[in-house]
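For reference, the structure discussed in these notes is given below.
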Amino acid sequence: MSAAADFGGRAVLVTGGTRGIGAAIARSFLDAGAEVVVCGRHDPASPPEAGGRTARFLAADIRDPDAAAELVERAAGLMGRLDVLVNNAGGSPDADAATVSPRFVQGVVRLNLLAPFYVAQPANKIMQGQPDGGVIINIGSVSGEDPQPGTAFYSAAKAGLLALTRALALEWSPKVRINHVTVGPVRTEDAAARYGEDGGQAIGDVIAMGRLADPQDVANACLYLAGGLASYVTGADLAVHGGGEVPARYVATRN
């Protein structure tokens with residue numbers, strides 16, 4: 001393990017850290033020596049494990065600001081400090097903007113834009129009081145930059161998350177660094193349900209790198225942004241999308 005990935009003695013909170021991308025992020029920090037707390041609305045079958053240690057789980061609905069604040073307080077209490085927050089929880093099913101209900105819209109915005117702030121605000125308060133400060137990483141989506149049909153409100157919320165990241169970096173630096181990861185399609189356990197029976201291979205064929213991301217690709221980005229090699233990086237957006245999708249007009253003219 002390189003010094004750049006040595007998080008021994010560090011305390012990390014990962015929202016939505018029980019499965020998929022979040023679990024990969026949690027395992028990577030565990031493997032790098034950190035203590036890790038993950039949260040979700042439902043108890044996992046088993047929390048993430050790696051490096052001979054296991055993440056601790058706290059149930060929380062971070063769409064509620066009081067629950068989010070309590071989560072941060074409990075996590076910091078369990079670990080004795082809070083060095084890294086990864087705002088990973090998010091997502092939304094596709095929905096027709098012409099017929100979607102106001103309640104659905106509110107739910108999508110609460111989860112993907114407001115909840116990250118609800119967790120980040122109390123985390124920042126703790127980190128500002130620590131000699132070494134802390135790091136906040138927001139997990140965004142290519143939908144925030146390149147919306148697709150059925151994702152209007154998810155895309156709007158994720159675009160807002162990037163803007164929020166940049167704004168908070170101006171307010172909370174230098175003690176707290178806050179960065180954003182723009183994530184493209186990822187091959188998680190539900191890839192077939194999300195991307196089709198081929199598990200996303202057809203989508204991978206139109207991505208510059210020729211494949212969907214692996215959750216570990218996102219986790220590696222988080223390790224970098226949370227570590228010493230990124231000590232001067234704040235308010236940044238790191239794209240983990242394999243170069244993005246090849247433009248449809250390019251594909252169409254060559255078929």
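Chain lettering (A, B, ...) mirrors the order of the structure tokens, residue numbering begins at 1 for each chain separately, and ligand numbering begins at 1 in order of display.
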
Legend entry - Residues within 8 Å of Asn220 (chain A), only C-alpha atoms, excluding chain neighbours under 4 positions, as a PyMOL selection string: chain A and resi 25+28+216+224

For region 19-24 of chain A, work out the shell of residues within 7 Å, counting only C-alpha atoms and skipping chain neighbours fewer than 2 positions away, then give it as a short mmCIF file (atom, residue, chain, number, x, y, z; two decimals) with C-alpha atoms, in the first residue's frame.
data_model
loop_
_atom_site.label_atom_id
_atom_site.label_comp_id
_atom_site.auth_asym_id
_atom_site.auth_seq_id
_atom_site.Cartn_x
_atom_site.Cartn_y
_atom_site.Cartn_z
CA VAL A 14 -19.99 6.90 3.37
CA GLY A 16 -25.45 4.76 0.83
CA GLY A 17 -22.39 2.65 1.58
CA ALA A 26 -16.23 1.80 1.89
CA ARG A 27 -14.13 -1.30 1.20
CA SER A 28 -11.38 0.77 -0.39
CA PRO A 48 -18.63 -3.94 3.79
CA ASN A 88 -22.74 8.74 -2.30
CA THR A 188 -23.05 -2.73 -10.39
CA GLU A 189 -25.10 -5.72 -9.23
CA PRO A 215 -17.35 0.53 -8.85
CA GLN A 216 -13.67 0.35 -7.96
CA ALA A 219 -13.58 4.29 -5.28
#

Legend entry - Distance criterion (only C-alpha atoms): nearest to Phe153 (chain A) out of A:Val12, A:Val233, A:Val108, A:Ala98: A:Val108

Inset, instruction - Would you return as a VMD selection string the members of region 53-231 of chain A that DSSP assigns to helix (DSSP H, G or I) on this structure's backbone? - result: chain A and resid 65 to 79 102 to 128 142 to 144 152 to 172 191 to 195 201 to 204 215 to 226 228 to 230

Inset, instruction - Could you tell me which of A:Ala208, A:Ala221, A:His241, A:Ala55 comes closest to Arg187 (chain A) if we count only C-alpha atoms? - result: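 Under the stated criterion, the closest residue is A:His241.
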
Inset, instruction - Excluding region 162-176 of chain A and residues on its chain fewer than 2 positions from it, collect all residues at most 8 Å away from it, counting only C-alpha atoms, and give them as number ranges by chain. - result: A: 124, 127-128, 132-136, 138, 140, 144, 158-160, 178-180, 234-237

Legend entry - Best match for closeness to Ala68 (chain A) among A:Ser46, A:Gln121, A:Thr18, A:Gln130, counting only C-alpha atoms: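 With only C-alpha atoms as the atom set, the closest residue is A:Gln121.
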
Inset, instruction - In Å, rounded to a single decimal, give me how far CA of Val84 (chain A) is from CA of Asp31 (chain A). - result: 15.0 Å

Inset, instruction - Would you mind listing what lies within 8 Å of Arg41 (chain A) as a count of residues only, with only C-alpha atoms counted and same-chain residues fewer than 4 positions away left out? - result: 3

Inset, instruction - as an MDAnalysis selection string, please: all residues of region 86-215 of chain A that backbone DSSP puts in strand (DSSP E or B). - result: chainID A and resid 86:87 134:141 176:183 186 207 213
